[in-house]
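Q: This is protein_32.cif (mmCIF, N, CA and C atoms).
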data_input
loop_
_atom_site.label_atom_id
_atom_site.label_comp_id
_atom_site.auth_asym_id
_atom_site.auth_seq_id
_atom_site.Cartn_x
_atom_site.Cartn_y
_atom_site.Cartn_z
N MET A 1 90.46 116.45 90.17
CA MET A 1 89.81 117.61 90.75
C MET A 1 88.35 117.34 91.08
N VAL A 2 87.68 116.56 90.23
CA VAL A 2 86.27 116.27 90.46
C VAL A 2 86.06 115.51 91.76
N THR A 3 87.00 114.63 92.12
CA THR A 3 86.83 113.85 93.34
C THR A 3 86.92 114.72 94.59
N ALA A 4 87.50 115.89 94.48
CA ALA A 4 87.62 116.78 95.63
C ALA A 4 86.36 117.60 95.87
N LEU A 5 85.50 117.68 94.88
CA LEU A 5 84.31 118.53 94.98
C LEU A 5 83.40 118.15 96.15
N PRO A 6 83.09 116.88 96.40
CA PRO A 6 82.24 116.56 97.56
C PRO A 6 82.84 117.03 98.89
N ALA A 7 84.15 116.97 99.03
CA ALA A 7 84.78 117.43 100.27
C ALA A 7 84.62 118.93 100.44
N VAL A 8 84.72 119.66 99.35
CA VAL A 8 84.56 121.12 99.41
C VAL A 8 83.11 121.47 99.71
N ILE A 9 82.17 120.75 99.12
CA ILE A 9 80.75 121.00 99.39
C ILE A 9 80.42 120.68 100.86
N ALA A 10 80.97 119.59 101.37
CA ALA A 10 80.75 119.24 102.78
C ALA A 10 81.32 120.32 103.69
N ALA A 11 82.49 120.86 103.35
CA ALA A 11 83.09 121.93 104.14
C ALA A 11 82.24 123.21 104.06
N ALA A 12 81.69 123.47 102.89
CA ALA A 12 80.82 124.64 102.73
C ALA A 12 79.57 124.52 103.59
N SER A 13 79.09 123.28 103.76
CA SER A 13 77.90 123.08 104.60
C SER A 13 78.21 123.36 106.07
N ILE A 14 79.47 123.30 106.44
CA ILE A 14 79.89 123.70 107.79
C ILE A 14 80.01 125.22 107.86
N ALA A 15 80.62 125.79 106.82
CA ALA A 15 80.86 127.24 106.81
C ALA A 15 79.56 128.04 106.81
N ILE A 16 78.52 127.50 106.20
CA ILE A 16 77.25 128.24 106.12
C ILE A 16 76.70 128.53 107.51
N ASN A 17 77.04 127.69 108.49
CA ASN A 17 76.59 127.94 109.87
C ASN A 17 77.18 129.23 110.43
N GLY A 18 78.31 129.65 109.89
CA GLY A 18 78.94 130.89 110.32
C GLY A 18 78.24 132.13 109.81
N LEU A 19 77.24 131.95 108.97
CA LEU A 19 76.50 133.10 108.43
C LEU A 19 75.21 133.39 109.20
N PHE A 20 74.84 132.50 110.11
CA PHE A 20 73.60 132.69 110.86
C PHE A 20 73.74 133.82 111.87
N THR A 21 72.69 134.56 112.02
CA THR A 21 72.60 135.63 113.03
C THR A 21 71.30 135.42 113.80
N PRO A 22 71.08 136.18 114.88
CA PRO A 22 69.80 136.06 115.59
C PRO A 22 68.59 136.43 114.71
N ASP A 23 68.83 137.17 113.63
CA ASP A 23 67.74 137.56 112.74
C ASP A 23 67.44 136.53 111.65
N THR A 24 68.27 135.50 111.55
CA THR A 24 68.06 134.48 110.53
C THR A 24 66.80 133.69 110.88
N PRO A 25 65.87 133.57 109.92
CA PRO A 25 64.63 132.81 110.19
C PRO A 25 64.94 131.35 110.55
N TYR A 26 64.18 130.84 111.53
CA TYR A 26 64.39 129.47 111.99
C TYR A 26 64.21 128.46 110.86
N VAL A 27 63.27 128.72 109.97
CA VAL A 27 63.03 127.80 108.86
C VAL A 27 64.28 127.71 107.97
N LEU A 28 64.94 128.84 107.74
CA LEU A 28 66.16 128.84 106.94
C LEU A 28 67.29 128.08 107.65
N ILE A 29 67.40 128.27 108.95
CA ILE A 29 68.42 127.56 109.73
C ILE A 29 68.16 126.05 109.67
N LEU A 30 66.90 125.66 109.91
CA LEU A 30 66.56 124.24 109.87
C LEU A 30 66.82 123.64 108.49
N ALA A 31 66.47 124.37 107.44
CA ALA A 31 66.70 123.88 106.08
C ALA A 31 68.20 123.72 105.81
N ALA A 32 68.99 124.69 106.23
CA ALA A 32 70.45 124.61 106.02
C ALA A 32 71.05 123.45 106.80
N LEU A 33 70.58 123.25 108.03
CA LEU A 33 71.09 122.13 108.83
C LEU A 33 70.68 120.79 108.25
N LEU A 34 69.46 120.69 107.74
CA LEU A 34 68.99 119.45 107.12
C LEU A 34 69.78 119.13 105.87
N VAL A 35 69.92 120.10 104.98
CA VAL A 35 70.66 119.87 103.74
C VAL A 35 72.13 119.62 104.04
N GLY A 36 72.70 120.38 104.95
CA GLY A 36 74.11 120.19 105.32
C GLY A 36 74.35 118.83 105.94
N GLY A 37 73.44 118.39 106.79
CA GLY A 37 73.56 117.06 107.38
C GLY A 37 73.46 115.96 106.34
N PHE A 38 72.55 116.13 105.40
CA PHE A 38 72.41 115.15 104.32
C PHE A 38 73.69 115.09 103.48
N ILE A 39 74.23 116.25 103.13
CA ILE A 39 75.45 116.31 102.32
C ILE A 39 76.61 115.64 103.05
N ARG A 40 76.81 115.97 104.31
CA ARG A 40 77.92 115.37 105.06
C ARG A 40 77.71 113.87 105.27
N SER A 41 76.46 113.45 105.46
CA SER A 41 76.18 112.02 105.61
C SER A 41 76.53 111.26 104.34
N MET A 42 76.14 111.80 103.19
CA MET A 42 76.47 111.15 101.91
C MET A 42 77.98 111.15 101.69
N PHE A 43 78.64 112.24 102.04
CA PHE A 43 80.09 112.32 101.88
C PHE A 43 80.79 111.27 102.75
N PHE A 44 80.39 111.17 104.01
CA PHE A 44 81.02 110.20 104.91
C PHE A 44 80.73 108.77 104.47
N THR A 45 79.54 108.52 103.95
CA THR A 45 79.23 107.18 103.45
C THR A 45 80.15 106.82 102.29
N GLY A 46 80.33 107.75 101.38
CA GLY A 46 81.22 107.51 100.25
C GLY A 46 82.66 107.33 100.65
N ILE A 47 83.11 108.14 101.58
CA ILE A 47 84.50 108.05 102.04
C ILE A 47 84.72 106.75 102.79
N ASN A 48 83.74 106.34 103.59
CA ASN A 48 83.87 105.07 104.30
C ASN A 48 83.97 103.91 103.32
N ALA A 49 83.19 103.94 102.26
CA ALA A 49 83.27 102.88 101.25
C ALA A 49 84.62 102.92 100.55
N LEU A 50 85.09 104.11 100.23
CA LEU A 50 86.37 104.26 99.55
C LEU A 50 87.52 103.77 100.43
N GLY A 51 87.36 103.90 101.73
CA GLY A 51 88.39 103.45 102.66
C GLY A 51 88.64 101.95 102.61
N TYR A 52 87.67 101.20 102.11
CA TYR A 52 87.81 99.75 102.02
C TYR A 52 88.10 99.28 100.60
N ALA A 53 88.33 100.21 99.68
CA ALA A 53 88.48 99.86 98.27
C ALA A 53 89.65 98.92 98.01
N GLU A 54 90.71 99.06 98.73
CA GLU A 54 91.88 98.22 98.49
C GLU A 54 92.19 97.31 99.67
N ILE A 55 91.18 97.01 100.45
CA ILE A 55 91.33 96.09 101.58
C ILE A 55 90.75 94.75 101.16
N SER A 56 91.51 93.72 101.33
CA SER A 56 91.01 92.38 100.97
C SER A 56 89.91 91.97 101.93
N THR A 57 89.08 91.05 101.50
CA THR A 57 87.98 90.57 102.32
C THR A 57 88.48 90.01 103.65
N ALA A 58 89.61 89.34 103.62
CA ALA A 58 90.17 88.75 104.84
C ALA A 58 90.61 89.82 105.84
N ASP A 59 91.00 90.98 105.35
CA ASP A 59 91.50 92.05 106.23
C ASP A 59 90.41 93.04 106.65
N THR A 60 89.21 92.90 106.13
CA THR A 60 88.13 93.85 106.43
C THR A 60 87.82 93.89 107.91
N SER A 61 87.81 92.74 108.56
CA SER A 61 87.47 92.72 109.99
C SER A 61 88.52 93.46 110.83
N ARG A 62 89.75 93.48 110.37
CA ARG A 62 90.78 94.23 111.10
C ARG A 62 90.75 95.72 110.76
N ALA A 63 90.32 96.04 109.55
CA ALA A 63 90.29 97.43 109.11
C ALA A 63 89.11 98.20 109.70
N THR A 64 88.02 97.52 109.98
CA THR A 64 86.81 98.18 110.45
C THR A 64 87.02 98.95 111.76
N PRO A 65 87.58 98.35 112.81
CA PRO A 65 87.76 99.14 114.04
C PRO A 65 88.75 100.28 113.87
N ILE A 66 89.75 100.09 113.04
CA ILE A 66 90.72 101.17 112.80
C ILE A 66 90.03 102.34 112.13
N ALA A 67 89.22 102.07 111.12
CA ALA A 67 88.49 103.13 110.43
C ALA A 67 87.52 103.84 111.38
N ALA A 68 86.84 103.09 112.23
CA ALA A 68 85.88 103.67 113.17
C ALA A 68 86.59 104.58 114.17
N VAL A 69 87.73 104.14 114.67
CA VAL A 69 88.48 104.95 115.63
C VAL A 69 88.98 106.24 114.98
N PHE A 70 89.50 106.15 113.77
CA PHE A 70 89.99 107.36 113.10
C PHE A 70 88.86 108.33 112.78
N GLN A 71 87.68 107.81 112.44
CA GLN A 71 86.55 108.68 112.19
C GLN A 71 86.14 109.42 113.46
N GLN A 72 86.07 108.72 114.57
CA GLN A 72 85.72 109.36 115.84
C GLN A 72 86.78 110.36 116.27
N LEU A 73 88.06 110.02 116.04
CA LEU A 73 89.14 110.96 116.37
C LEU A 73 89.04 112.24 115.54
N SER A 74 88.71 112.10 114.27
CA SER A 74 88.62 113.29 113.43
C SER A 74 87.46 114.18 113.87
N ILE A 75 86.36 113.58 114.27
CA ILE A 75 85.23 114.36 114.78
C ILE A 75 85.63 115.07 116.08
N ALA A 76 86.28 114.34 116.97
CA ALA A 76 86.72 114.93 118.24
C ALA A 76 87.72 116.05 118.02
N LEU A 77 88.62 115.89 117.06
CA LEU A 77 89.58 116.96 116.76
C LEU A 77 88.89 118.20 116.22
N GLY A 78 87.84 118.03 115.43
CA GLY A 78 87.09 119.17 114.93
C GLY A 78 86.41 119.93 116.05
N VAL A 79 85.83 119.20 116.99
CA VAL A 79 85.19 119.83 118.15
C VAL A 79 86.25 120.53 119.01
N ALA A 80 87.38 119.87 119.22
CA ALA A 80 88.46 120.46 120.02
C ALA A 80 89.01 121.73 119.35
N LEU A 81 89.14 121.69 118.02
CA LEU A 81 89.61 122.87 117.30
C LEU A 81 88.65 124.04 117.50
N ALA A 82 87.35 123.77 117.34
CA ALA A 82 86.36 124.84 117.53
C ALA A 82 86.41 125.38 118.95
N GLY A 83 86.51 124.48 119.94
CA GLY A 83 86.60 124.92 121.32
C GLY A 83 87.86 125.73 121.59
N GLY A 84 88.97 125.32 121.00
CA GLY A 84 90.22 126.07 121.14
C GLY A 84 90.12 127.46 120.53
N ILE A 85 89.47 127.55 119.38
CA ILE A 85 89.30 128.85 118.73
C ILE A 85 88.46 129.77 119.62
N LEU A 86 87.40 129.22 120.20
CA LEU A 86 86.56 130.04 121.08
C LEU A 86 87.31 130.46 122.34
N GLU A 87 88.14 129.57 122.86
CA GLU A 87 88.94 129.91 124.04
C GLU A 87 89.94 131.02 123.71
N VAL A 88 90.58 130.92 122.57
CA VAL A 88 91.53 131.96 122.16
C VAL A 88 90.80 133.29 121.97
N SER A 89 89.59 133.24 121.42
CA SER A 89 88.81 134.46 121.22
C SER A 89 88.54 135.18 122.53
N THR A 90 88.17 134.42 123.57
CA THR A 90 87.90 135.08 124.86
C THR A 90 89.18 135.65 125.46
N THR A 91 90.29 134.98 125.22
CA THR A 91 91.57 135.47 125.73
C THR A 91 91.98 136.75 125.01
N ILE A 92 91.76 136.79 123.69
CA ILE A 92 92.18 137.95 122.90
C ILE A 92 91.42 139.21 123.30
N HIS A 93 90.08 139.11 123.39
CA HIS A 93 89.36 140.32 123.73
C HIS A 93 88.95 140.40 125.20
N GLY A 94 89.38 139.46 126.00
CA GLY A 94 89.23 139.54 127.45
C GLY A 94 87.81 139.64 127.96
N GLY A 95 86.86 139.17 127.21
CA GLY A 95 85.48 139.23 127.66
C GLY A 95 84.72 137.99 127.22
N PRO A 96 83.41 138.04 127.37
CA PRO A 96 82.61 136.88 126.97
C PRO A 96 82.60 136.69 125.46
N LEU A 97 82.19 135.52 125.05
CA LEU A 97 82.11 135.20 123.63
C LEU A 97 81.07 136.06 122.94
N THR A 98 81.37 136.40 121.69
CA THR A 98 80.43 137.16 120.88
C THR A 98 80.00 136.30 119.69
N LEU A 99 79.00 136.76 118.99
CA LEU A 99 78.52 136.05 117.81
C LEU A 99 79.62 135.91 116.76
N SER A 100 80.42 136.94 116.61
CA SER A 100 81.49 136.87 115.61
C SER A 100 82.54 135.83 115.97
N ASP A 101 82.72 135.55 117.25
CA ASP A 101 83.65 134.48 117.65
C ASP A 101 83.19 133.13 117.12
N PHE A 102 81.89 132.88 117.18
CA PHE A 102 81.35 131.63 116.67
C PHE A 102 81.44 131.58 115.15
N HIS A 103 81.21 132.73 114.49
CA HIS A 103 81.34 132.78 113.04
C HIS A 103 82.76 132.40 112.63
N ILE A 104 83.73 132.99 113.30
CA ILE A 104 85.14 132.70 112.99
C ILE A 104 85.44 131.22 113.22
N ALA A 105 84.93 130.65 114.29
CA ALA A 105 85.18 129.24 114.59
C ALA A 105 84.61 128.36 113.48
N PHE A 106 83.38 128.63 113.04
CA PHE A 106 82.79 127.84 111.96
C PHE A 106 83.62 127.96 110.68
N PHE A 107 84.08 129.16 110.35
CA PHE A 107 84.84 129.35 109.11
C PHE A 107 86.20 128.64 109.18
N ILE A 108 86.86 128.69 110.31
CA ILE A 108 88.16 128.01 110.43
C ILE A 108 88.00 126.50 110.38
N VAL A 109 87.00 125.96 111.08
CA VAL A 109 86.77 124.52 111.04
C VAL A 109 86.42 124.10 109.60
N ALA A 110 85.62 124.90 108.91
CA ALA A 110 85.28 124.59 107.51
C ALA A 110 86.52 124.63 106.62
N ALA A 111 87.42 125.58 106.85
CA ALA A 111 88.65 125.66 106.06
C ALA A 111 89.54 124.44 106.28
N VAL A 112 89.65 124.02 107.52
CA VAL A 112 90.44 122.82 107.82
C VAL A 112 89.80 121.60 107.16
N SER A 113 88.48 121.54 107.21
CA SER A 113 87.77 120.43 106.57
C SER A 113 87.97 120.47 105.05
N ALA A 114 87.94 121.64 104.46
CA ALA A 114 88.15 121.77 103.01
C ALA A 114 89.57 121.37 102.62
N ALA A 115 90.51 121.53 103.53
CA ALA A 115 91.90 121.14 103.23
C ALA A 115 92.02 119.65 102.94
N ALA A 116 91.07 118.87 103.45
CA ALA A 116 91.07 117.42 103.18
C ALA A 116 90.89 117.14 101.70
N SER A 117 90.29 118.07 100.98
CA SER A 117 90.08 117.87 99.54
C SER A 117 91.41 117.73 98.80
N LEU A 118 92.47 118.28 99.35
CA LEU A 118 93.79 118.15 98.70
C LEU A 118 94.21 116.69 98.60
N SER A 119 93.90 115.89 99.62
CA SER A 119 94.28 114.48 99.56
C SER A 119 93.43 113.73 98.53
N PHE A 120 92.20 114.16 98.30
CA PHE A 120 91.36 113.50 97.32
C PHE A 120 91.80 113.81 95.89
N MET A 121 92.42 114.95 95.68
CA MET A 121 92.92 115.31 94.35
C MET A 121 94.03 114.38 93.89
N ARG A 122 94.72 113.76 94.85
CA ARG A 122 95.83 112.88 94.52
C ARG A 122 95.38 111.46 94.18
N LEU A 123 94.11 111.15 94.35
CA LEU A 123 93.61 109.81 94.08
C LEU A 123 93.66 109.49 92.59
N ALA A 124 93.87 108.23 92.31
CA ALA A 124 93.85 107.78 90.92
C ALA A 124 92.43 107.89 90.37
N PRO A 125 92.30 108.09 89.07
CA PRO A 125 90.95 108.21 88.49
C PRO A 125 90.07 106.98 88.73
N ASP A 126 90.68 105.80 88.90
CA ASP A 126 89.89 104.59 89.11
C ASP A 126 89.76 104.22 90.59
N ALA A 127 90.11 105.14 91.47
CA ALA A 127 90.00 104.85 92.91
C ALA A 127 88.55 104.58 93.27
N GLY A 128 88.32 103.49 93.95
CA GLY A 128 86.97 103.13 94.38
C GLY A 128 86.20 102.27 93.41
N ASN A 129 86.79 101.95 92.26
CA ASN A 129 86.07 101.12 91.29
C ASN A 129 85.71 99.75 91.87
N ALA A 130 86.56 99.21 92.72
CA ALA A 130 86.30 97.88 93.27
C ALA A 130 85.07 97.87 94.16
N VAL A 131 84.78 98.95 94.85
CA VAL A 131 83.61 98.97 95.73
C VAL A 131 82.37 99.50 95.04
N SER A 132 82.54 100.19 93.91
CA SER A 132 81.38 100.73 93.21
C SER A 132 80.92 99.83 92.08
N GLY A 133 81.81 98.94 91.59
CA GLY A 133 81.46 98.10 90.46
C GLY A 133 81.59 98.84 89.14
N TYR A 134 82.02 100.09 89.19
CA TYR A 134 82.16 100.90 87.98
C TYR A 134 83.50 100.63 87.34
N GLY A 135 83.56 100.58 86.04
CA GLY A 135 84.82 100.44 85.32
C GLY A 135 85.30 99.01 85.19
N GLY A 136 84.48 98.03 85.52
CA GLY A 136 84.85 96.64 85.29
C GLY A 136 85.70 96.01 86.37
N LEU A 137 86.22 96.76 87.31
CA LEU A 137 87.02 96.20 88.39
C LEU A 137 86.06 95.71 89.47
N THR A 138 86.03 94.42 89.72
CA THR A 138 85.05 93.88 90.65
C THR A 138 85.68 93.34 91.92
N ALA A 139 86.99 93.27 91.99
CA ALA A 139 87.67 92.78 93.19
C ALA A 139 88.72 93.79 93.59
N PRO A 140 88.89 94.01 94.89
CA PRO A 140 89.89 94.99 95.31
C PRO A 140 91.29 94.52 94.98
N LYS A 141 92.13 95.51 94.72
CA LYS A 141 93.54 95.20 94.53
C LYS A 141 94.10 94.76 95.87
N THR A 142 95.02 93.83 95.85
CA THR A 142 95.62 93.40 97.11
C THR A 142 97.04 93.95 97.19
N LEU A 143 97.49 94.10 98.38
CA LEU A 143 98.83 94.65 98.60
C LEU A 143 99.88 93.56 98.72
N GLU A 144 99.41 92.30 98.77
CA GLU A 144 100.36 91.20 98.90
C GLU A 144 101.11 91.02 97.58
N ALA A 145 102.43 90.84 97.70
CA ALA A 145 103.24 90.59 96.50
C ALA A 145 103.35 89.09 96.30
N GLY A 146 103.26 88.68 95.10
CA GLY A 146 103.36 87.26 94.80
C GLY A 146 103.15 87.02 93.33
N PRO A 147 103.34 85.82 92.88
CA PRO A 147 103.18 85.55 91.46
C PRO A 147 101.71 85.65 91.07
N PRO A 148 101.44 86.04 89.83
CA PRO A 148 100.06 86.12 89.37
C PRO A 148 99.39 84.75 89.42
N ALA A 149 98.10 84.72 89.53
CA ALA A 149 97.35 83.46 89.61
C ALA A 149 97.61 82.63 88.37
N GLY A 150 97.76 81.34 88.56
CA GLY A 150 97.96 80.43 87.45
C GLY A 150 99.42 80.17 87.12
N GLN A 151 100.33 80.72 87.89
CA GLN A 151 101.75 80.50 87.59
C GLN A 151 102.39 79.71 88.69
#
Translate the structure described by the file into structure tokens.
A:
Amino acid sequence: MVTALPAVIAAASIAINGLFTPDTPYVLILAALLVGGFIRSMFFTGINALGYAEISTADTSRATPIAAVFQQLSIALGVALAGGILEVSTTIHGGPLTLSDFHIAFFIVAAVSAAASLSFMRLAPDAGNAVSGYGGLTAPKTLEAGPPAGQ
């Protein structure tokens, strides 16, 4: 459960944008965007490192472009989801977008983002030890089957 907390906090930093109104002070908006950006940046850095935890050194060069493409796809899907929500909103009420339409879009995108925390709850307690150096595991586990070294 603890490993899912950063994902929920990152999603909350998206949802907070749905609380802004024209009366919200600019300093508060800037502070929320700065802190939210920092939180998401730290989260993505950690997730990117975790993505290589069980990749052997020889396979890292092949894994890097795959990870980069999936990260860009996930960002594009988030933008597309928000755009789709706004399009549906204009269709539903048959007029121009309102502030509440944007609030709803931020909350739905944040909920979808928070759903990612479910996959982190399934991780083993020692997930990422190879890349963090924590817990004494200093080399990634390999997926290749074969006899143990020395036999």
Q: So that I can see what lies close to Ala15 (chain A), please list as a ChimeraX atom specification the residues with an atom at most 5 Å from it, counting all atoms listed in the file and leaving out residues fewer than 3 positions away in the same chain.
A: /A:11-12,18,106,110
Q: Here is a test: counting only C-alpha atoms, which residue of A:Ala4, A:Ala115, A:Ala49, A:Leu19 is nearest to Phe102 (chain A)?
A: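 Closest to Phe102 (chain A) of all the choices is A:Leu19.
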Q: Residues of region 3-142 of chain A classed as helix (DSSP H, G or I) by DSSP on the backbone are to be reported as a ChimeraX atom specification.
A: /A:3-19,26-50,57-93,99-115,117-121,129-132,134-136
Q: Can you measure CA of Gly36 (chain A) to CA of Ser13 (chain A) for me? One decimal in Å is fine.
A: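 Straight-line distance from CA of Gly36 (chain A) to CA of Ser13 (chain A) works out to 4.8 Å.
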Q: Hey, can you check how far CA of Leu28 (chain A) sits from CA of Ile75 (chain A)?
A: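 It comes out at 25.2 Å.
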Q: Could you state which residues are captured by the PyMOL selection byres (((chain A and resi 7 and name CA) around 12) and name CA) in this file, as number ranges by chain?
A: A: 1-6, 8-14, 39-44, 46-47, 110-121
Q: From the options A:Ala67, A:Leu99, A:Val35, A:Val131, which residue's atoms come nearest to Phe20 (chain A), counting all atoms listed in the file?
A: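 Nearest candidate to Phe20 (chain A) out of A:Ala67, A:Leu99, A:Val35, A:Val131: A:Leu99.
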Q: Provide the atom C of Ala53 (chain A) to atom C of Asn129 (chain A) distance in Å, to one decimal place.
A: 7.3 Å
